[in-house]
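File shown here: query.txt, holding compact mmCIF, C-alpha atoms and all ligand atoms.
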# COMPACT_ATOMS: atom_id res chain seq x y z
CA MET A 341 -7.74 13.56 25.05
CA THR A 342 -7.54 10.15 23.34
CA SER A 343 -4.10 9.49 24.76
CA THR A 344 -5.38 10.34 28.28
CA MET A 345 -8.26 7.90 27.77
CA ASN A 346 -5.81 5.24 26.59
CA GLN A 347 -3.75 5.80 29.72
CA VAL A 348 -6.85 5.51 31.93
CA ASP A 349 -7.80 2.28 30.11
CA ALA A 350 -4.29 0.91 30.52
CA LEU A 351 -4.34 1.74 34.24
CA GLN A 352 -7.73 0.10 34.66
CA ARG A 353 -6.50 -3.03 32.86
CA ALA A 354 -3.38 -3.13 35.07
CA ARG A 355 -5.57 -2.72 38.14
CA ASN A 356 -7.90 -5.53 37.06
CA ALA A 357 -4.93 -7.81 36.33
CA LEU A 358 -3.52 -7.11 39.78
CA TYR A 359 -6.88 -7.78 41.37
CA ASP A 360 -7.29 -11.07 39.48
CA ARG A 361 -3.83 -12.17 40.58
CA PHE A 362 -4.54 -11.64 44.26
CA ALA A 363 -8.34 -12.18 44.32
CA SER A 364 -8.07 -15.52 46.10
CA ARG A 365 -6.20 -13.85 48.98
CA ILE A 366 -8.51 -10.85 49.38
CA SER A 367 -11.39 -11.01 51.81
CA VAL A 368 -13.83 -8.40 53.07
CA LYS A 369 -13.63 -7.74 56.79
CA GLU A 370 -16.79 -6.01 58.02
CA SER A 371 -15.10 -5.07 61.31
CA LEU A 372 -12.77 -2.65 59.47
CA SER A 373 -15.09 0.36 59.50
CA ARG A 374 -14.25 3.72 57.93
CA ASN A 375 -13.62 5.12 61.38
CA LEU A 376 -11.07 2.41 62.08
CA VAL A 377 -9.09 2.55 58.83
CA SER A 378 -8.96 6.32 58.31
CA TYR A 379 -7.58 9.34 60.09
CA GLN A 380 -11.10 9.92 61.54
CA GLY A 381 -10.17 7.58 64.37
CA ASN A 382 -7.26 9.84 65.40
CA LYS A 383 -9.32 13.05 65.50
CA GLU A 384 -9.99 12.74 69.21
CA SER A 385 -6.82 10.84 70.05
CA PRO A 386 -4.40 12.65 72.42
CA GLY A 387 -1.31 13.82 70.52
CA LEU A 388 -2.39 12.42 67.16
CA ARG A 389 -5.08 15.12 66.88
CA TRP A 390 -2.60 18.01 66.99
CA MET A 391 -1.57 17.78 63.36
CA LYS A 392 -4.40 17.66 60.84
CA TYR A 393 -3.02 14.84 58.73
CA LYS A 394 -5.72 13.19 56.71
CA GLU A 395 -3.42 10.60 55.12
CA GLY A 396 -2.83 8.90 58.47
CA PHE A 397 -4.65 5.80 59.61
CA SER A 398 -5.97 5.31 63.09
CA ALA A 399 -4.04 3.91 66.04
CA ASP A 400 -6.90 1.44 66.66
CA LEU A 401 -6.42 -0.09 63.21
CA VAL A 402 -2.70 -0.65 63.80
CA GLN A 403 -3.43 -2.11 67.20
CA SER A 404 -6.09 -4.44 65.83
CA LEU A 405 -3.75 -5.68 63.04
CA LEU A 406 -0.70 -6.12 65.25
CA SER A 407 -2.58 -7.85 68.07
CA GLN A 408 -3.15 -10.79 65.70
CA HIS A 409 0.60 -11.45 65.40
CA GLN A 410 3.53 -12.09 67.69
CA ALA A 411 5.94 -9.51 66.27
CA LYS A 412 8.88 -8.19 68.28
CA THR A 413 10.16 -5.67 65.74
CA PHE A 414 8.10 -3.33 63.58
CA LEU A 415 8.60 -0.93 60.67
CA ASP A 416 6.41 1.56 58.81
CA PRO A 417 8.52 2.72 55.81
CA PHE A 418 6.05 5.55 55.04
CA SER A 419 5.27 6.53 58.60
CA GLY A 420 3.60 9.94 58.16
CA THR A 421 2.95 11.37 61.61
CA GLY A 422 4.11 8.13 63.23
CA THR A 423 0.84 6.49 64.33
CA ALA A 424 1.98 2.97 63.48
CA PRO A 425 5.46 2.98 65.12
CA LEU A 426 4.06 4.76 68.19
CA THR A 427 1.29 2.18 68.55
CA ALA A 428 3.68 -0.75 68.01
CA SER A 429 6.03 0.72 70.61
CA CYS A 430 3.16 0.91 73.14
CA MET A 431 2.57 -2.77 72.46
CA GLY A 432 6.16 -3.53 73.51
CA MET A 433 7.78 -3.80 70.06
CA ASP A 434 11.05 -2.29 68.93
CA SER A 435 9.62 -0.02 66.29
CA ALA A 436 10.80 2.35 63.60
CA GLY A 437 9.38 4.67 60.97
CA ILE A 438 10.87 6.28 57.86
CA GLU A 439 9.29 9.50 56.60
CA ILE A 440 10.41 11.94 53.95
CA MET A 441 8.18 14.83 55.00
CA PRO A 442 9.89 16.65 57.92
CA VAL A 443 6.61 17.65 59.52
CA GLY A 444 5.66 13.96 59.93
CA ASN A 445 8.55 13.09 62.22
CA LEU A 446 8.24 16.43 63.99
CA SER A 447 4.72 15.45 64.98
CA ALA A 448 5.85 12.02 66.20
CA TRP A 449 8.79 13.45 68.17
CA ALA A 450 6.47 15.97 69.80
CA ILE A 451 4.23 13.16 71.08
CA VAL A 452 7.24 11.29 72.44
CA ALA A 453 8.53 14.51 74.06
CA ALA A 454 5.16 15.25 75.71
CA ALA A 455 4.95 11.70 77.04
CA ASN A 456 8.46 11.42 78.37
CA GLY A 457 9.74 13.79 80.98
CA LEU A 458 8.53 17.17 79.73
CA ASN A 459 7.95 19.44 82.69
CA TYR A 460 4.28 20.53 82.66
CA THR A 461 4.81 23.77 84.62
CA ASN A 462 7.76 24.73 82.48
CA PHE A 463 5.76 24.07 79.30
CA HIS A 464 2.82 26.13 80.56
CA HIS A 465 5.07 29.04 81.55
CA THR A 466 7.06 29.04 78.28
CA SER A 467 3.86 28.76 76.21
CA GLN A 468 2.50 31.88 77.87
CA GLU A 469 5.79 33.67 77.16
CA LEU A 470 5.55 32.64 73.52
CA ILE A 471 2.02 34.07 73.24
CA ALA A 472 3.10 37.26 75.03
CA SER A 473 6.05 37.68 72.63
CA LEU A 474 3.59 37.99 69.73
CA ALA A 475 2.21 41.24 71.16
CA SER A 476 5.52 42.99 70.50
CA LYS A 477 5.73 45.37 67.51
CA GLU A 478 9.31 44.27 66.81
CA PHE A 479 10.22 41.34 64.57
CA GLU A 480 13.39 40.28 62.81
CA THR A 481 13.18 40.33 59.03
CA ASP A 482 15.58 37.40 58.70
CA GLN A 483 13.02 35.30 60.62
CA LEU A 484 10.24 35.96 58.09
CA PHE A 485 8.64 32.92 56.45
CA GLN A 486 10.75 31.81 53.50
CA HIS A 487 8.21 31.53 50.74
CA ILE A 488 8.30 29.36 47.69
CA PRO A 489 5.83 30.05 44.84
CA ILE A 490 3.17 27.67 46.19
CA THR A 491 3.04 29.44 49.59
CA GLU A 492 3.09 33.05 48.38
CA ARG A 493 0.11 35.12 49.66
CA ALA A 494 -0.91 32.35 52.05
CA PHE A 495 -0.80 34.58 55.13
CA LEU A 496 -1.97 37.99 56.27
CA GLU A 497 0.92 40.42 56.71
CA GLN A 498 0.29 40.50 60.47
CA SER A 499 0.47 36.71 60.65
CA GLU A 500 3.75 36.75 58.70
CA GLN A 501 5.22 39.13 61.27
CA ASP A 502 3.83 37.06 64.15
CA LEU A 503 5.33 33.91 62.64
CA ALA A 504 8.71 35.67 62.54
CA LYS A 505 8.37 36.55 66.25
CA ALA A 506 7.37 32.96 67.07
CA ARG A 507 10.37 31.59 65.17
CA LYS A 508 12.74 33.89 67.03
CA PHE A 509 11.20 32.86 70.34
CA VAL A 510 11.45 29.13 69.57
CA ASP A 511 15.03 29.59 68.26
CA ASP A 512 16.06 30.81 71.71
CA VAL A 513 14.52 27.89 73.63
CA CYS A 514 17.31 25.55 74.79
CA ASP A 515 15.41 22.52 76.14
CA PRO A 516 15.10 20.16 73.11
CA SER A 517 11.73 18.63 74.16
CA LEU A 518 10.22 22.05 74.78
CA LYS A 519 11.59 23.31 71.47
CA THR A 520 10.13 20.34 69.59
CA LEU A 521 6.67 20.82 71.12
CA LEU A 522 6.59 24.58 70.55
CA THR A 523 7.77 24.10 66.95
CA LEU A 524 5.05 21.50 66.40
CA ALA A 525 2.45 23.89 67.86
CA CYS A 526 3.52 26.64 65.41
CA VAL A 527 3.69 24.34 62.37
CA SER A 528 0.35 22.69 63.18
CA VAL A 529 -1.57 25.99 62.99
CA LEU A 530 -0.02 27.20 59.71
CA GLU A 531 -2.98 26.03 57.63
CA GLU A 532 -5.50 27.44 60.12
CA VAL A 533 -4.01 30.97 59.94
CA SER A 534 -3.60 30.82 56.16
CA TYR A 535 -5.86 31.44 53.19
CA THR A 536 -5.38 27.80 52.18
CA GLY A 537 -7.11 24.56 52.99
CA LYS A 538 -6.15 21.01 52.14
CA ASP A 539 -8.92 19.08 50.47
CA GLY A 540 -7.83 15.52 49.70
CA GLN A 541 -4.88 15.84 47.34
CA PHE A 542 -5.74 19.49 46.53
CA LEU A 543 -4.62 22.72 48.11
CA ARG A 544 -7.53 25.17 48.00
CA TRP A 545 -7.10 28.96 48.04
CA ASP A 546 -9.41 31.58 49.46
CA PRO A 547 -9.83 34.45 46.96
CA ARG A 548 -8.96 36.97 49.71
CA SER A 549 -5.37 35.80 49.27
CA GLY A 550 -5.35 37.88 46.07
CA ARG A 551 -4.79 34.79 43.95
CA LYS A 552 -6.96 34.34 40.89
CA VAL A 553 -9.13 31.50 42.15
CA SER A 554 -12.82 30.60 42.22
CA LYS A 555 -14.91 32.60 44.69
CA ARG A 556 -16.87 29.50 45.67
CA TRP A 557 -14.48 28.37 48.40
CA GLN A 558 -13.92 30.75 51.33
CA LYS A 559 -12.70 30.26 54.87
CA ALA A 560 -14.30 31.95 57.87
CA GLU A 561 -12.43 34.94 59.29
CA LEU A 562 -8.83 33.88 59.90
CA PRO A 563 -7.70 33.65 63.53
CA THR A 564 -4.57 35.51 64.59
CA LEU A 565 -1.49 33.40 65.23
CA ALA A 566 -1.86 34.10 68.97
CA GLN A 567 -5.46 32.83 68.98
CA ALA A 568 -4.65 29.67 67.03
CA LEU A 569 -1.54 28.96 69.11
CA GLN A 570 -3.35 29.55 72.39
CA ARG A 571 -5.88 26.87 71.41
CA ARG A 572 -3.27 24.36 70.25
CA LEU A 573 -1.00 24.88 73.27
CA GLY A 574 -4.04 24.38 75.54
CA GLU A 575 -4.85 21.16 73.69
CA ILE A 576 -1.26 19.96 74.11
CA MET A 577 -1.41 20.65 77.85
CA ASN A 578 -4.75 18.87 78.18
CA ASP A 579 -3.37 15.83 76.35
CA MET A 580 -0.18 15.53 78.39
CA PRO A 581 -1.48 13.31 81.24
CA ALA A 582 -3.10 10.87 78.78
CA LEU A 583 0.05 10.82 76.63
CA GLN A 584 2.21 10.15 79.67
CA ARG A 585 0.02 7.18 80.55
CA LYS A 586 -0.08 5.86 76.98
CA TYR A 587 3.36 6.54 75.52
CA ARG A 588 5.65 6.68 78.56
CA ASN A 589 8.88 4.88 77.59
CA ALA A 590 7.77 4.70 73.95
CA ALA A 591 10.92 5.20 71.95
CA PRO A 592 10.43 4.41 68.26
CA ALA A 593 13.28 5.31 65.92
CA PHE A 594 11.94 7.90 63.48
CA VAL A 595 14.25 8.25 60.49
CA ASP A 596 14.12 11.44 58.42
CA GLY A 597 14.63 10.42 54.81
CA SER A 598 13.49 8.39 51.86
CA SER A 599 12.68 4.70 52.13
CA LEU A 600 14.19 4.34 48.68
CA THR A 601 17.61 4.90 50.22
CA GLU A 602 17.06 4.06 53.90
CA LEU A 603 15.63 0.56 53.31
CA ARG A 604 18.74 -0.41 51.35
CA LYS A 605 20.85 0.26 54.43
CA LEU A 606 18.98 -2.31 56.52
CA PRO A 607 20.09 -5.94 56.77
CA ASP A 608 17.58 -8.57 55.57
CA GLU A 609 14.89 -9.58 58.06
CA SER A 610 15.45 -6.58 60.29
CA PHE A 611 11.73 -6.43 61.08
CA ASP A 612 9.09 -9.06 61.91
CA ALA A 613 6.12 -6.89 60.94
CA VAL A 614 5.33 -4.05 58.56
CA VAL A 615 2.11 -2.04 58.51
CA THR A 616 2.12 0.79 56.03
CA SER A 617 0.08 2.86 53.63
CA PRO A 618 2.23 3.79 50.66
CA PRO A 619 2.08 7.26 49.14
CA MET A 620 -0.56 8.14 46.55
CA PRO A 621 -0.86 8.22 43.58
CA ILE A 622 -0.02 4.55 43.29
CA GLY A 623 3.40 3.89 41.83
CA MET A 624 4.83 7.25 42.82
CA THR A 625 7.14 7.73 45.76
CA ILE A 626 8.72 11.07 46.29
CA PRO A 627 12.49 11.18 46.07
CA GLU A 628 12.58 14.70 47.57
CA PRO A 629 10.31 16.62 49.96
CA MET A 630 7.18 18.19 48.43
CA PRO A 631 6.53 21.94 48.36
CA TRP A 632 4.42 22.17 51.52
CA SER A 633 7.08 20.16 53.31
CA TRP A 634 9.69 22.65 52.16
CA SER A 635 7.65 25.49 53.50
CA THR A 636 7.07 23.78 56.82
CA SER A 637 10.76 22.86 57.06
CA ALA A 638 11.52 26.54 56.46
CA MET A 639 9.28 27.25 59.45
CA MET A 640 10.73 24.48 61.58
CA ARG A 641 14.44 24.79 60.86
CA THR A 642 14.96 25.30 64.59
CA ALA A 643 13.58 21.87 65.55
C1 LIG B 1 -0.40 7.61 53.00
S1 LIG B 1 0.83 8.43 53.91
C2 LIG B 1 1.17 7.37 55.26
C3 LIG B 1 0.57 7.84 56.56
C4 LIG B 1 0.91 7.00 57.76
N1 LIG B 1 0.56 5.61 57.60
C5 LIG B 1 0.22 7.58 59.02
O1 LIG B 1 -0.55 6.88 59.65
O2 LIG B 1 0.48 8.75 59.35
C6 LIG B 1 2.27 8.17 52.90
C7 LIG B 1 3.49 8.86 53.46
O3 LIG B 1 4.62 8.46 52.70
C8 LIG B 1 5.53 9.56 52.69
N2 LIG B 1 6.52 9.31 51.62
C9 LIG B 1 6.37 9.51 50.28
N3 LIG B 1 7.48 9.11 49.62
C10 LIG B 1 8.34 8.66 50.56
C11 LIG B 1 9.65 8.09 50.51
N4 LIG B 1 10.29 7.94 49.35
N5 LIG B 1 10.24 7.71 51.67
C12 LIG B 1 9.59 7.88 52.86
N6 LIG B 1 8.36 8.40 52.97
C13 LIG B 1 7.73 8.78 51.85
C14 LIG B 1 4.63 10.76 52.50
O4 LIG B 1 5.26 11.97 52.90
C15 LIG B 1 3.43 10.39 53.39
O5 LIG B 1 3.56 10.92 54.69
Could you take the file, read its structure, and then write that structure out as structure tokens?
Ligand SMILES: C[S@@+](CC[C@H](N)C(=O)[O-])C[C@H]1O[C@@H](n2cnc3c(N)ncnc32)[C@H](O)[C@@H]1O
Amino acid sequence: MTSTMNQVDALQRARNALYDRFASRISVKESLSRNLVSYQGNKESPGLRWMKYKEGFSADLVQSLLSQHQAKTFLDPFSGTGTAPLTASCMGMDSAGIEIMPVGNLSAWAIVAAANGLNYTNFHHTSQELIASLASKEFETDQLFQHIPITERAFLEQSEQDLAKARKFVDDVCDPSLKTLLTLACVSVLEEVSYTGKDGQFLRWDPRSGRKVSKRWQKAELPTLAQALQRRLGEIMNDMPALQRKYRNAAPAFVDGSSLTELRKLPDESFDAVVTSPPMPIGMTIPEPMPWSWSTSAMMRTA
């Protein structure tokens, strides 16, 4: 207990020292509202609303920061679901993002795919086929979700089987843009069809999962995979015209990997501007993907 308190004190002192060092350069900007600096601003934004990613900041914030400078090249070394490089690209910059969590770049690639040349009719038709495939009683056991301890008991048995059918279906899709979007649709509803919920840095569990957890937190009745997918695929289709207007010709380079290694490969002064929000907790970057990323990469190995 005492050693924890000493650590907290030491952290507070380090924080105060850092603040004192930079105090003369810090100013309060009233125009940066909560809506502008947080993921809230992306909740209604075409494409960016598909993946519930609370760590992201809003496209409007990036736009407001970048519009004050004359940058030609842009990097976000912790790019999450790609809001910053996508926004910079729309503003005419050569942009790039580095992200360690596979689901982040998947989300960004899906937006680029929807905005650039994806055939609407083909997407609609294939989406309906995907939903129809879930009604089958057959599924392949080697397509079942590959659990790690943190994901065990997350899904109803029926949802596990439906996920296996969806994976098989997406495996067999040849068009890369279509495959990326369908994979994103499946990955983006995993939390919704599960007994889990992300609350800040915490992963909450509904007691109906069979895990020994508090009974205070419960989700409403879980949707089937078909219901959740139908909604998300509809949302993707609705967003397509707006995305095509906004991100047509957007082509940021999204690098899958760790900034700790990728940044070393870049020559000095490769980028004029950087807007980023480093991972939390402060001082910790992740050399390897985190557990939920492993589980989602198990789901999206076809992407
Ligand atoms: C606060 S979030 C950034 C969100 C992003 N600005 C957005 O708008 O979506 C920090 C991100 O850094 C990623 N990350 C953590 N360690 C990393 C590393 N070593 N290299 C690259 N990305 C890393 C995390 O997976 C997370 O997506």
Test item: residues no farther than 6 Å from ligand LIG 1 (chain B), counting all atoms listed in the file, as a PDB file with C-alpha atoms, in the frame of the given file:
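Saved to selection_38.pdb:
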ATOM      1  CA  GLU A 395      -3.420  10.600  55.120  1.00  0.00           C
ATOM      2  CA  GLY A 396      -2.830   8.900  58.470  1.00  0.00           C
ATOM      3  CA  PHE A 397      -4.650   5.800  59.610  1.00  0.00           C
ATOM      4  CA  PHE A 418       6.050   5.550  55.040  1.00  0.00           C
ATOM      5  CA  SER A 419       5.270   6.530  58.600  1.00  0.00           C
ATOM      6  CA  GLY A 420       3.600   9.940  58.160  1.00  0.00           C
ATOM      7  CA  THR A 421       2.950  11.370  61.610  1.00  0.00           C
ATOM      8  CA  GLY A 422       4.110   8.130  63.230  1.00  0.00           C
ATOM      9  CA  THR A 423       0.840   6.490  64.330  1.00  0.00           C
ATOM     10  CA  ILE A 438      10.870   6.280  57.860  1.00  0.00           C
ATOM     11  CA  GLU A 439       9.290   9.500  56.600  1.00  0.00           C
ATOM     12  CA  ILE A 440      10.410  11.940  53.950  1.00  0.00           C
ATOM     13  CA  MET A 441       8.180  14.830  55.000  1.00  0.00           C
ATOM     14  CA  GLY A 597      14.630  10.420  54.810  1.00  0.00           C
ATOM     15  CA  SER A 598      13.490   8.390  51.860  1.00  0.00           C
ATOM     16  CA  SER A 599      12.680   4.700  52.130  1.00  0.00           C
ATOM     17  CA  LEU A 600      14.190   4.340  48.680  1.00  0.00           C
ATOM     18  CA  THR A 616       2.120   0.790  56.030  1.00  0.00           C
ATOM     19  CA  SER A 617       0.080   2.860  53.630  1.00  0.00           C
ATOM     20  CA  PRO A 618       2.230   3.790  50.660  1.00  0.00           C
ATOM     21  CA  PRO A 619       2.080   7.260  49.140  1.00  0.00           C
ATOM     22  CA  THR A 625       7.140   7.730  45.760  1.00  0.00           C
ATOM     23  CA  ILE A 626       8.720  11.070  46.290  1.00  0.00           C
ATOM     24  CA  PRO A 627      12.490  11.180  46.070  1.00  0.00           C
TER      25      PRO A 627
END
Q: Rank nothing, just name the residue among A:Asn589, A:Ser404, A:Gln570, A:Asn346 nearest to Leu522 in chain A, using all atoms listed in the file.
A: A:Gln570
**Q.** For Asp596 in chain A, the nearest of the candidates A:Gln541, A:Leu446, A:Glu469, A:Ala494, counting only C-alpha atoms
**A.**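 Result for the nearest residue to Asp596 in chain A: A:Leu446.
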Q | Surrounding residues of Glu478 in chain A excluding itself and chain neighbours under 4 positions, 10 Å, only C-alpha atoms, as a PyMOL selection string | A | chain A and resi 473-474+501-502+504-505
Q: Rank nothing, just name the residue among A:Leu583, A:Leu470, A:Ala593, A:Ala613 nearest to Ala436 in chain A, using all atoms listed in the file.
A: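 The answer is A:Ala593, which sits nearest to Ala436 in chain A.
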Q.
If I take CA of Ala354 in chain A and CA of Lys369 in chain A, how far is one from the other in Å, to one decimal?
A.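 Spanning CA of Ala354 in chain A to CA of Lys369 in chain A is a straight-line distance of 24.5 Å.
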Q: Taking the point (-1.5, -2.1, 66.3) as given in the file, collect each protein or nucleic acid residue that comes within 10 Å of it, counting all atoms listed in the file, and present the set as JSON, numbers by chain.
A: {"A": [398, 399, 400, 401, 402, 403, 404, 405, 406, 407, 408, 409, 423, 424, 425, 426, 427, 428, 429, 430, 431, 615]}
Write to file, as an mmCIF file, keeping the file's coordinate frame, the residues of the selection just made, with C-alpha atoms.
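That gives us out_31.cif:
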data_model
loop_
_atom_site.group_PDB
_atom_site.id
_atom_site.type_symbol
_atom_site.label_atom_id
_atom_site.label_comp_id
_atom_site.auth_asym_id
_atom_site.auth_seq_id
_atom_site.Cartn_x
_atom_site.Cartn_y
_atom_site.Cartn_z
ATOM 1 C CA SER A 398 -5.970 5.310 63.090
ATOM 2 C CA ALA A 399 -4.040 3.910 66.040
ATOM 3 C CA ASP A 400 -6.900 1.440 66.660
ATOM 4 C CA LEU A 401 -6.420 -0.090 63.210
ATOM 5 C CA VAL A 402 -2.700 -0.650 63.800
ATOM 6 C CA GLN A 403 -3.430 -2.110 67.200
ATOM 7 C CA SER A 404 -6.090 -4.440 65.830
ATOM 8 C CA LEU A 405 -3.750 -5.680 63.040
ATOM 9 C CA LEU A 406 -0.700 -6.120 65.250
ATOM 10 C CA SER A 407 -2.580 -7.850 68.070
ATOM 11 C CA GLN A 408 -3.150 -10.790 65.700
ATOM 12 C CA HIS A 409 0.600 -11.450 65.400
ATOM 13 C CA THR A 423 0.840 6.490 64.330
ATOM 14 C CA ALA A 424 1.980 2.970 63.480
ATOM 15 C CA PRO A 425 5.460 2.980 65.120
ATOM 16 C CA LEU A 426 4.060 4.760 68.190
ATOM 17 C CA THR A 427 1.290 2.180 68.550
ATOM 18 C CA ALA A 428 3.680 -0.750 68.010
ATOM 19 C CA SER A 429 6.030 0.720 70.610
ATOM 20 C CA CYS A 430 3.160 0.910 73.140
ATOM 21 C CA MET A 431 2.570 -2.770 72.460
ATOM 22 C CA VAL A 615 2.110 -2.040 58.510
#
Using only C-alpha atoms, which residues sit within 12 Å of Glu531 in chain A once same-chain residues fewer than 4 positions away are excluded, as a JSON list (two decimals) with C-alpha atoms, in the frame of the given file?
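See result-v9.json below for the written result:
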[["chain", "number", "residue", "atom", "x", "y", "z"],
["A", 391, "MET", "CA", -1.57, 17.78, 63.36],
["A", 392, "LYS", "CA", -4.40, 17.66, 60.84],
["A", 393, "TYR", "CA", -3.02, 14.84, 58.73],
["A", 491, "THR", "CA", 3.04, 29.44, 49.59],
["A", 494, "ALA", "CA", -0.91, 32.35, 52.05],
["A", 495, "PHE", "CA", -0.80, 34.58, 55.13],
["A", 499, "SER", "CA", 0.47, 36.71, 60.65],
["A", 525, "ALA", "CA", 2.45, 23.89, 67.86],
["A", 526, "CYS", "CA", 3.52, 26.64, 65.41],
["A", 527, "VAL", "CA", 3.69, 24.34, 62.37],
["A", 535, "TYR", "CA", -5.86, 31.44, 53.19],
["A", 536, "THR", "CA", -5.38, 27.80, 52.18],
["A", 537, "GLY", "CA", -7.11, 24.56, 52.99],
["A", 538, "LYS", "CA", -6.15, 21.01, 52.14],
["A", 539, "ASP", "CA", -8.92, 19.08, 50.47],
["A", 543, "LEU", "CA", -4.62, 22.72, 48.11],
["A", 544, "ARG", "CA", -7.53, 25.17, 48.00],
["A", 545, "TRP", "CA", -7.10, 28.96, 48.04],
["A", 546, "ASP", "CA", -9.41, 31.58, 49.46],
["A", 559, "LYS", "CA", -12.70, 30.26, 54.87],
["A", 562, "LEU", "CA", -8.83, 33.88, 59.90],
["A", 563, "PRO", "CA", -7.70, 33.65, 63.53],
["A", 564, "THR", "CA", -4.57, 35.51, 64.59],
["A", 565, "LEU", "CA", -1.49, 33.40, 65.23],
["A", 568, "ALA", "CA", -4.65, 29.67, 67.03],
["A", 569, "LEU", "CA", -1.54, 28.96, 69.11],
["A", 632, "TRP", "CA", 4.42, 22.17, 51.52],
["A", 635, "SER", "CA", 7.65, 25.49, 53.50],
["A", 636, "THR", "CA", 7.07, 23.78, 56.82]]
Reconstruct N, CA and C atoms of range 453-471 of chain A from the incomplete input and present them as a PDB file, in the frame of the given file.
ATOM      1  N   ALA A 453       8.024  13.506  73.098  1.00  0.00           N
ATOM      2  CA  ALA A 453       8.530  14.510  74.060  1.00  0.00           C
ATOM      3  C   ALA A 453       7.492  14.793  75.135  1.00  0.00           C
ATOM      4  N   ALA A 454       6.215  14.929  74.725  1.00  0.00           N
ATOM      5  CA  ALA A 454       5.160  15.250  75.710  1.00  0.00           C
ATOM      6  C   ALA A 454       4.959  14.099  76.681  1.00  0.00           C
ATOM      7  N   ALA A 455       5.216  12.871  76.195  1.00  0.00           N
ATOM      8  CA  ALA A 455       4.950  11.700  77.040  1.00  0.00           C
ATOM      9  C   ALA A 455       6.110  11.363  77.961  1.00  0.00           C
ATOM     10  N   ASN A 456       7.270  11.875  77.658  1.00  0.00           N
ATOM     11  CA  ASN A 456       8.460  11.420  78.370  1.00  0.00           C
ATOM     12  C   ASN A 456       9.252  12.571  78.986  1.00  0.00           C
ATOM     13  N   GLY A 457       8.879  12.922  80.178  1.00  0.00           N
ATOM     14  CA  GLY A 457       9.740  13.790  80.980  1.00  0.00           C
ATOM     15  C   GLY A 457       9.605  15.284  80.740  1.00  0.00           C
ATOM     16  N   LEU A 458       8.669  15.714  79.894  1.00  0.00           N
ATOM     17  CA  LEU A 458       8.530  17.170  79.730  1.00  0.00           C
ATOM     18  C   LEU A 458       7.888  17.738  80.990  1.00  0.00           C
ATOM     19  N   ASN A 459       8.486  18.843  81.463  1.00  0.00           N
ATOM     20  CA  ASN A 459       7.950  19.440  82.690  1.00  0.00           C
ATOM     21  C   ASN A 459       6.714  20.279  82.364  1.00  0.00           C
ATOM     22  N   TYR A 460       5.580  19.912  82.968  1.00  0.00           N
ATOM     23  CA  TYR A 460       4.280  20.530  82.660  1.00  0.00           C
ATOM     24  C   TYR A 460       4.309  22.033  82.983  1.00  0.00           C
ATOM     25  N   THR A 461       4.813  22.366  84.190  1.00  0.00           N
ATOM     26  CA  THR A 461       4.810  23.770  84.620  1.00  0.00           C
ATOM     27  C   THR A 461       5.681  24.606  83.689  1.00  0.00           C
ATOM     28  N   ASN A 462       6.838  24.038  83.357  1.00  0.00           N
ATOM     29  CA  ASN A 462       7.760  24.730  82.480  1.00  0.00           C
ATOM     30  C   ASN A 462       7.116  24.967  81.097  1.00  0.00           C
ATOM     31  N   PHE A 463       6.412  23.941  80.607  1.00  0.00           N
ATOM     32  CA  PHE A 463       5.760  24.070  79.300  1.00  0.00           C
ATOM     33  C   PHE A 463       4.681  25.160  79.350  1.00  0.00           C
ATOM     34  N   HIS A 464       3.892  25.151  80.427  1.00  0.00           N
ATOM     35  CA  HIS A 464       2.820  26.130  80.560  1.00  0.00           C
ATOM     36  C   HIS A 464       3.406  27.546  80.577  1.00  0.00           C
ATOM     37  N   HIS A 465       4.447  27.720  81.384  1.00  0.00           N
ATOM     38  CA  HIS A 465       5.070  29.040  81.550  1.00  0.00           C
ATOM     39  C   HIS A 465       5.658  29.521  80.200  1.00  0.00           C
ATOM     40  N   THR A 466       6.401  28.637  79.542  1.00  0.00           N
ATOM     41  CA  THR A 466       7.060  29.040  78.280  1.00  0.00           C
ATOM     42  C   THR A 466       6.018  29.297  77.183  1.00  0.00           C
ATOM     43  N   SER A 467       4.920  28.535  77.202  1.00  0.00           N
ATOM     44  CA  SER A 467       3.860  28.760  76.210  1.00  0.00           C
ATOM     45  C   SER A 467       3.277  30.159  76.373  1.00  0.00           C
ATOM     46  N   GLN A 468       3.058  30.551  77.624  1.00  0.00           N
ATOM     47  CA  GLN A 468       2.500  31.880  77.870  1.00  0.00           C
ATOM     48  C   GLN A 468       3.478  32.967  77.408  1.00  0.00           C
ATOM     49  N   GLU A 469       4.772  32.706  77.633  1.00  0.00           N
ATOM     50  CA  GLU A 469       5.790  33.670  77.160  1.00  0.00           C
ATOM     51  C   GLU A 469       5.781  33.782  75.641  1.00  0.00           C
ATOM     52  N   LEU A 470       5.601  32.626  74.989  1.00  0.00           N
ATOM     53  CA  LEU A 470       5.550  32.640  73.520  1.00  0.00           C
ATOM     54  C   LEU A 470       4.372  33.500  73.045  1.00  0.00           C
ATOM     55  N   ILE A 471       3.199  33.280  73.630  1.00  0.00           N
ATOM     56  CA  ILE A 471       2.020  34.070  73.240  1.00  0.00           C
ATOM     57  C   ILE A 471       2.276  35.555  73.505  1.00  0.00           C
TER      58      ILE A 471
END
